[in-house]
$ cat model-v5.csv   # CSV, C-alpha atoms
chain,number,residue,atom,x,y,z
P,1,TYR,CA,2.7,1.1,8.6
P,2,TYR,CA,0.9,-2.0,7.2
P,3,PHE,CA,2.5,-1.8,3.8
P,4,GLY,CA,6.1,-2.0,5.2
P,5,GLU,CA,5.1,-5.2,7.0
P,6,HIS,CA,3.4,-6.8,4.0
P,7,ILE,CA,6.1,-5.9,1.5
P,8,ALA,CA,8.6,-7.6,3.8
P,9,LYS,CA,6.4,-10.7,4.2
P,10,ALA,CA,5.8,-10.9,0.4
P,11,MET,CA,9.5,-10.7,-0.3
P,12,LYS,CA,10.3,-13.4,2.2
P,13,GLY,CA,7.5,-15.5,0.7
P,14,ALA,CA,9.0,-15.2,-2.7
P,15,GLY,CA,12.3,-16.6,-1.5
P,16,LEU,CA,14.1,-13.2,-1.6
P,17,THR,CA,16.8,-12.5,1.0
P,18,ASN,CA,19.1,-9.5,0.2
P,19,VAL,CA,17.4,-6.2,-0.5
P,20,VAL,CA,18.4,-2.8,-1.6
P,21,VAL,CA,16.1,-0.1,-0.3
P,22,LEU,CA,15.5,3.1,-2.3
P,23,TYR,CA,13.4,5.8,-0.6
P,24,ASP,CA,12.1,9.2,-1.4
P,25,ILE,CA,13.1,11.7,1.4
P,26,GLY,CA,9.6,12.9,1.6
P,27,TYR,CA,7.1,11.9,4.3
P,28,TYR,CA,5.7,8.9,2.4
P,29,GLY,CA,9.0,7.4,1.4
P,30,THR,CA,10.7,7.9,4.7
P,31,GLY,CA,7.7,6.4,6.6
P,32,LEU,CA,7.5,3.4,4.4
P,33,MET,CA,11.2,2.8,4.5
P,34,THR,CA,11.2,3.0,8.3
P,35,CYS,CA,8.4,0.5,8.6
P,36,PHE,CA,9.9,-1.9,6.0
P,37,GLU,CA,13.2,-1.8,7.8
P,38,GLU,CA,11.6,-2.9,11.1
P,39,PHE,CA,9.7,-5.8,9.5
P,40,ALA,CA,12.6,-6.8,7.2
P,41,GLY,CA,14.6,-7.7,10.2
P,42,LEU,CA,11.7,-9.6,11.7
P,43,SER,CA,11.2,-11.5,8.5
P,44,GLY,CA,14.8,-12.5,8.1
P,45,LEU,CA,15.6,-10.2,5.2
P,46,THR,CA,19.0,-8.5,4.9
P,47,ILE,CA,19.2,-4.8,3.8
P,48,VAL,CA,22.3,-4.7,1.7
P,49,MET,CA,22.1,-1.0,1.1
P,50,LYS,CA,19.7,1.9,1.9
P,51,GLN,CA,19.8,4.9,-0.4
P,52,SER,CA,17.7,8.0,-0.3
P,53,PHE,CA,16.7,10.2,-3.2
P,54,ASN,CA,14.9,13.5,-3.8
P,55,SER,CA,12.0,13.2,-6.1
P,56,ALA,CA,12.8,16.7,-7.5
P,57,TRP,CA,16.2,15.5,-8.9
P,58,PRO,CA,16.1,15.3,-12.7
P,59,ASP,CA,18.3,12.2,-12.9
P,60,PHE,CA,18.4,9.2,-10.6
P,61,ARG,CA,21.3,7.4,-12.3
P,62,PRO,CA,23.9,8.5,-9.8
P,63,VAL,CA,21.8,7.0,-7.0
P,64,ILE,CA,21.5,3.7,-8.9
P,65,ALA,CA,25.2,3.6,-9.7
P,66,GLU,CA,25.9,3.5,-6.0
P,67,PHE,CA,24.6,-0.1,-5.6
P,68,ARG,CA,24.6,-1.5,-9.1
P,69,GLY,CA,27.8,-3.6,-8.4
P,70,LYS,CA,26.5,-5.1,-5.2
P,71,GLN,CA,25.0,-8.5,-4.7
P,72,PHE,CA,21.2,-8.4,-4.0
P,73,ASP,CA,18.0,-10.2,-4.8
P,74,ALA,CA,15.4,-7.3,-5.0
P,75,VAL,CA,14.8,-3.6,-4.7
P,76,MET,CA,12.2,-2.1,-2.3
P,77,LEU,CA,11.2,1.2,-3.7
P,78,ALA,CA,9.5,3.6,-1.2
P,79,GLY,CA,8.2,6.3,-3.6
P,80,SER,CA,5.1,7.3,-5.3
P,81,GLY,CA,3.6,8.7,-8.5
P,82,ALA,CA,5.4,9.8,-11.6
P,83,ASN,CA,8.8,10.2,-9.9
P,84,ALA,CA,8.7,6.5,-8.8
P,85,GLY,CA,7.9,5.6,-12.4
P,86,ARG,CA,10.9,7.5,-13.5
P,87,MET,CA,13.1,5.7,-11.0
P,88,ILE,CA,11.7,2.3,-12.3
P,89,ARG,CA,12.4,3.3,-15.9
P,90,GLN,CA,16.0,4.3,-15.1
P,91,LEU,CA,16.6,1.2,-13.0
P,92,ARG,CA,15.7,-0.9,-16.0
P,93,GLU,CA,17.7,1.3,-18.4
P,94,MET,CA,20.7,0.6,-16.2
P,95,SER,CA,20.1,-3.2,-16.4
P,96,ILE,CA,18.7,-3.6,-12.9
P,97,THR,CA,16.3,-6.4,-13.8
P,98,HIS,CA,15.8,-7.6,-10.2
P,99,PRO,CA,12.2,-7.7,-8.8
P,100,ILE,CA,11.0,-4.3,-7.5
P,101,TYR,CA,8.6,-4.2,-4.6
P,102,GLY,CA,6.7,-1.1,-3.4
P,103,GLY,CA,3.6,0.0,-1.6
P,104,ASP,CA,0.3,1.8,-2.6
P,105,GLY,CA,2.3,4.7,-3.9
P,106,LEU,CA,3.2,2.6,-6.9
P,107,ASP,CA,-0.5,1.6,-7.5
P,108,VAL,CA,-1.4,4.6,-9.6
P,109,ASP,CA,-1.6,5.3,-13.3
P,110,ASP,CA,1.2,8.0,-13.1
P,111,VAL,CA,3.8,5.2,-12.3
P,112,LEU,CA,3.1,3.2,-15.5
P,113,SER,CA,2.7,6.3,-17.7
P,114,THR,CA,6.2,7.4,-16.6
P,115,ALA,CA,7.9,4.0,-16.4
P,116,GLY,CA,6.9,3.2,-20.0
P,117,LYS,CA,5.4,-0.2,-20.8
P,118,ALA,CA,4.3,-2.2,-17.8
P,119,PRO,CA,7.7,-3.3,-16.3
P,120,ALA,CA,8.4,-7.0,-15.7
P,121,ASN,CA,9.1,-8.0,-12.1
P,122,LEU,CA,7.2,-5.1,-10.5
P,123,PHE,CA,5.1,-6.1,-7.5
P,124,VAL,CA,2.9,-3.7,-5.6
P,125,SER,CA,1.4,-4.2,-2.1
P,126,THR,CA,-2.1,-2.7,-2.2
P,127,ILE,CA,-5.5,-2.9,-0.5
P,128,TYR,CA,-7.5,-2.6,-3.7
P,129,SER,CA,-7.9,-5.0,-6.6
P,130,THR,CA,-10.4,-4.6,-9.4
P,131,GLU,CA,-10.3,-8.3,-10.2
P,132,TYR,CA,-11.2,-9.2,-6.6
P,133,LEU,CA,-13.8,-6.4,-6.4
P,134,GLN,CA,-15.7,-7.8,-9.5
P,135,THR,CA,-16.3,-11.2,-7.9
P,136,ASN,CA,-15.9,-10.8,-4.1
P,137,GLY,CA,-16.4,-7.1,-3.4
P,138,THR,CA,-19.3,-5.7,-1.3
P,139,ALA,CA,-22.5,-4.5,-2.9
P,140,MET,CA,-21.3,-0.9,-2.4
P,141,GLY,CA,-18.1,-1.7,-4.1
P,142,LYS,CA,-19.6,-3.5,-7.1
P,143,ASP,CA,-22.1,-0.6,-7.5
P,144,PHE,CA,-19.2,1.9,-7.5
P,145,LEU,CA,-17.2,-0.2,-10.0
P,146,GLU,CA,-20.2,-0.3,-12.4
P,147,ARG,CA,-20.9,3.4,-12.2
P,148,TYR,CA,-17.3,4.4,-12.5
P,149,ARG,CA,-16.8,2.3,-15.6
P,150,ALA,CA,-20.0,3.8,-17.1
P,151,ALA,CA,-18.8,7.3,-16.4
P,152,TYR,CA,-15.1,7.1,-17.3
P,153,LYS,CA,-14.9,4.1,-19.6
P,154,THR,CA,-12.0,2.6,-17.6
P,155,ASP,CA,-11.4,0.9,-14.3
P,156,PRO,CA,-10.9,2.9,-11.1
P,157,ASP,CA,-7.3,3.1,-9.8
P,158,TYR,CA,-6.2,2.9,-6.2
P,159,MET,CA,-6.8,6.7,-5.6
P,160,ALA,CA,-10.4,6.5,-6.9
P,161,MET,CA,-11.3,3.5,-4.9
P,162,GLN,CA,-9.7,4.8,-1.7
P,163,GLY,CA,-11.3,8.3,-2.1
P,164,TYR,CA,-14.8,6.8,-2.6
P,165,GLU,CA,-14.4,4.5,0.3
P,166,ALA,CA,-13.1,7.2,2.6
P,167,VAL,CA,-16.0,9.6,1.8
P,168,MET,CA,-18.6,6.9,2.3
P,169,LEU,CA,-17.0,5.8,5.6
P,170,LEU,CA,-17.3,9.4,6.9
P,171,VAL,CA,-20.9,9.7,5.8
P,172,GLU,CA,-21.8,6.6,7.7
P,173,ALA,CA,-19.9,7.7,10.7
P,174,PHE,CA,-21.7,11.1,10.7
P,175,GLN,CA,-25.0,9.3,10.6
P,176,ARG,CA,-24.1,6.9,13.4
P,177,ALA,CA,-22.8,9.7,15.6
P,178,ASN,CA,-25.6,12.0,14.6
P,179,SER,CA,-22.9,14.6,14.6
P,180,VAL,CA,-20.0,16.0,12.6
P,181,HIS,CA,-18.0,16.9,15.7
P,182,SER,CA,-14.5,15.3,15.4
P,183,ALA,CA,-14.4,13.8,18.9
P,184,GLU,CA,-17.8,12.2,18.6
P,185,VAL,CA,-17.0,10.8,15.1
P,186,SER,CA,-13.7,9.5,16.3
P,187,ALA,CA,-15.4,7.7,19.2
P,188,ILE,CA,-17.7,6.0,16.8
P,189,PHE,CA,-14.8,4.6,14.8
P,190,LYS,CA,-12.8,3.5,17.8
P,191,PHE,CA,-15.4,2.2,20.2
P,192,SER,CA,-18.3,1.1,18.0
P,193,PRO,CA,-18.7,-2.7,18.3
P,194,VAL,CA,-19.8,-3.0,14.7
P,195,ASP,CA,-17.9,-3.4,11.5
P,196,TRP,CA,-17.9,-1.1,8.4
P,197,GLU,CA,-18.6,-1.8,4.8
P,198,GLY,CA,-15.8,-0.9,2.4
P,199,VAL,CA,-15.3,-1.3,-1.3
P,200,MET,CA,-13.4,-4.6,-1.0
P,201,GLY,CA,-15.1,-6.0,2.2
P,202,ARG,CA,-15.9,-5.3,5.8
P,203,TYR,CA,-13.5,-4.2,8.5
P,204,MET,CA,-13.4,-2.6,11.9
P,205,PHE,CA,-11.3,-0.3,14.0
P,206,ARG,CA,-9.7,-1.1,17.4
P,207,SER,CA,-9.7,1.5,20.2
P,208,THR,CA,-6.1,2.3,19.1
P,209,GLY,CA,-7.3,3.2,15.6
P,210,GLU,CA,-5.8,0.0,14.2
P,211,VAL,CA,-7.7,-1.6,11.3
P,212,VAL,CA,-8.8,-5.2,11.5
P,213,GLY,CA,-9.9,-7.2,8.5
P,214,LYS,CA,-8.5,-5.1,5.6
P,215,LYS,CA,-7.4,-7.3,2.8
P,216,PHE,CA,-3.9,-6.9,1.4
P,217,PHE,CA,-3.0,-7.9,-2.2
P,218,VAL,CA,0.3,-8.3,-4.0
P,219,LYS,CA,-0.2,-7.1,-7.6
P,220,ASP,CA,2.0,-8.3,-10.4
P,221,VAL,CA,1.9,-5.2,-12.5
P,222,GLN,CA,3.0,-6.6,-15.9
P,223,LYS,CA,0.4,-9.5,-15.7
P,224,GLY,CA,-2.2,-7.2,-14.2
P,225,LYS,CA,-3.1,-9.8,-11.6
P,226,ALA,CA,-3.5,-9.3,-7.9
P,227,VAL,CA,-3.4,-12.1,-5.3
P,228,MET,CA,-4.8,-11.6,-1.8
P,229,PHE,CA,-1.9,-12.0,0.6
P,230,GLU,CA,-3.5,-11.7,4.0
P,231,GLU,CA,-5.8,-9.6,6.2
P,232,SER,CA,-4.5,-7.0,8.5
P,233,ARG,CA,-4.0,-7.9,12.1
P,234,GLY,CA,-6.3,-10.9,12.1
P,235,LYS,CA,-9.9,-11.5,11.1
P,236,LEU,CA,-13.1,-9.8,12.0
P,237,PRO,CA,-14.8,-11.4,15.1

$ encode --input "model-v5.csv" --output "structure tokens"
Amino acid sequence: YYFGEHIAKAMKGAGLTNVVVLYDIGYYGTGLMTCFEEFAGLSGLTIVMKQSFNSAWPDFRPVIAEFRGKQFDAVMLAGSGANAGRMIRQLREMSITHPIYGGDGLDVDDVLSTAGKAPANLFVSTIYSTEYLQTNGTAMGKDFLERYRAAYKTDPDYMAMQGYEAVMLLVEAFQRANSVHSAEVSAIFKFSPVDWEGVMGRYMFRSTGEVVGKKFFVKDVQKGKAVMFEESRGKLP
């Protein structure tokens, strides 16, 4: 939900107005498209065309040909992994040089390995940034980064950081609840008045399950740089 909102805000902040939306018909793509569509309207963006695709299709060129002649400023790609990388590659092969924006599904190694060399004008909304983690991350996050680099001789990607943070969050919740029962652990998340330590910083949950304090970044993939955009739903108390 948050990524659709932040992609729309990032596009508006970059001075973009008219957008083509491409979305995978799977759960992730449809969900991100729906959220983006809502916030695009609130942000003053115009969706010129909305086109679905099936990640199992061997060729996306017929989909791209549907909008290639239209007037637009950017593409919002709601897809993930290697299939999203293939879509990006074929967009560039068909001379679609416009900025491409996407969510965390584009923040994985499979995208670049399939898209080819790091594409210009590719921007990803994400909640993890190695650059930020090195200088501003929590003690837990910095320790994770150091040990990951030592073990794998490379930086952790989005999936690695998210997986580690999720497991450590559950461990702490089990300890606070003194239980592994789902209802008791859920209550700790929703009604505990304390915040939680993540890889990138501290955050908390509202009683609705909504996250407060998570940092969102917009990553310029070609430059390898991520800039903090804003925090989700306000700041920690």

$ residues_around --input "model-v5.csv" --residues "stretch 165-175 of chain P" --least-positions-apart "6" --cutoff "7 Å" --atoms "all atoms listed in the file" --output "PyMOL selection string"
chain P and resi 185+188+198-199

$ atom_distance --input "model-v5.csv" --atom1 "atom CA of P:Val108" --atom2 "atom CA of P:Met159"
7.0 Å

$ closest_residue --input "model-v5.csv" --among "P:Met94, P:Tyr2, P:Leu32, P:Tyr164" --to "P:Ala65" --atoms "all atoms listed in the file"
P:Met94

$ closest_residue --input "model-v5.csv" --among "P:Ile47, P:Ile7, P:Tyr203, P:Lys219" --to "P:Glu131" --atoms "all atoms listed in the file"
P:Lys219

$ residues_around --input "model-v5.csv" --residues "P:Lys190" --least-positions-apart "4" --cutoff "7 Å" --atoms "all atoms listed in the file" --output "tab-separated table (two decimals) with C-alpha atoms, keeping the file's coordinate frame"
chain	number	residue	atom	x	y	z
P	186	SER	CA	-13.70	9.50	16.30
P	205	PHE	CA	-11.30	-0.30	14.00
P	206	ARG	CA	-9.70	-1.10	17.40
P	207	SER	CA	-9.70	1.50	20.20
P	208	THR	CA	-6.10	2.30	19.10
P	209	GLY	CA	-7.30	3.20	15.60

$ residues_around --input "model-v5.csv" --residues "stretch 138-141 of chain P" --least-positions-apart "3" --cutoff "8 Å" --atoms "all atoms listed in the file" --output "list of chain:residue names"
P:Leu133, P:Phe144, P:Leu145, P:Glu197, P:Gly198, P:Val199, P:Met200, P:Gly201, P:Arg202

$ write_last_selection --input "model-v5.csv" --atoms "C-alpha atoms" --output "PDB file, in the frame of the given file"
ATOM      1  CA  LEU P 133     -13.800  -6.400  -6.400  1.00  0.00           C
ATOM      2  CA  PHE P 144     -19.200   1.900  -7.500  1.00  0.00           C
ATOM      3  CA  LEU P 145     -17.200  -0.200 -10.000  1.00  0.00           C
ATOM      4  CA  GLU P 197     -18.600  -1.800   4.800  1.00  0.00           C
ATOM      5  CA  GLY P 198     -15.800  -0.900   2.400  1.00  0.00           C
ATOM      6  CA  VAL P 199     -15.300  -1.300  -1.300  1.00  0.00           C
ATOM      7  CA  MET P 200     -13.400  -4.600  -1.000  1.00  0.00           C
ATOM      8  CA  GLY P 201     -15.100  -6.000   2.200  1.00  0.00           C
ATOM      9  CA  ARG P 202     -15.900  -5.300   5.800  1.00  0.00           C
TER      10      ARG P 202
END

$ atom_distance --input "model-v5.csv" --atom1 "atom CA of P:Val124" --atom2 "atom CA of P:Lys214"
16.0 Å

$ atom_distance --input "model-v5.csv" --atom1 "atom CA of P:Ala74" --atom2 "atom CA of P:Tyr101"
7.5 Å

$ residues_around --input "model-v5.csv" --residues "stretch 8-24 of chain P" --least-positions-apart "4" --cutoff "7 Å" --atoms "all atoms listed in the file" --output "number ranges by chain"
P: 4, 29-30, 33, 36, 39-40, 43, 45-55, 72-79

$ closest_residue --input "model-v5.csv" --among "P:Glu184, P:Asp109, P:Asp143, P:Asp195" --to "P:Tyr158" --atoms "all atoms listed in the file"
P:Asp109

$ closest_residue --input "model-v5.csv" --among "P:Pro156, P:Gly26, P:Gly85, P:Pro193" --to "P:Thr130" --atoms "all atoms listed in the file"
P:Pro156

$ closest_residue --input "model-v5.csv" --among "P:Asp59, P:Glu38, P:Asp157, P:Asp107" --to "P:Gln90" --atoms "only C-alpha atoms"
P:Asp59

$ closest_residue --input "model-v5.csv" --among "P:Gly102, P:Gly31, P:Gly116, P:Gly69" --to "P:Arg89" --atoms "only C-alpha atoms"
P:Gly116
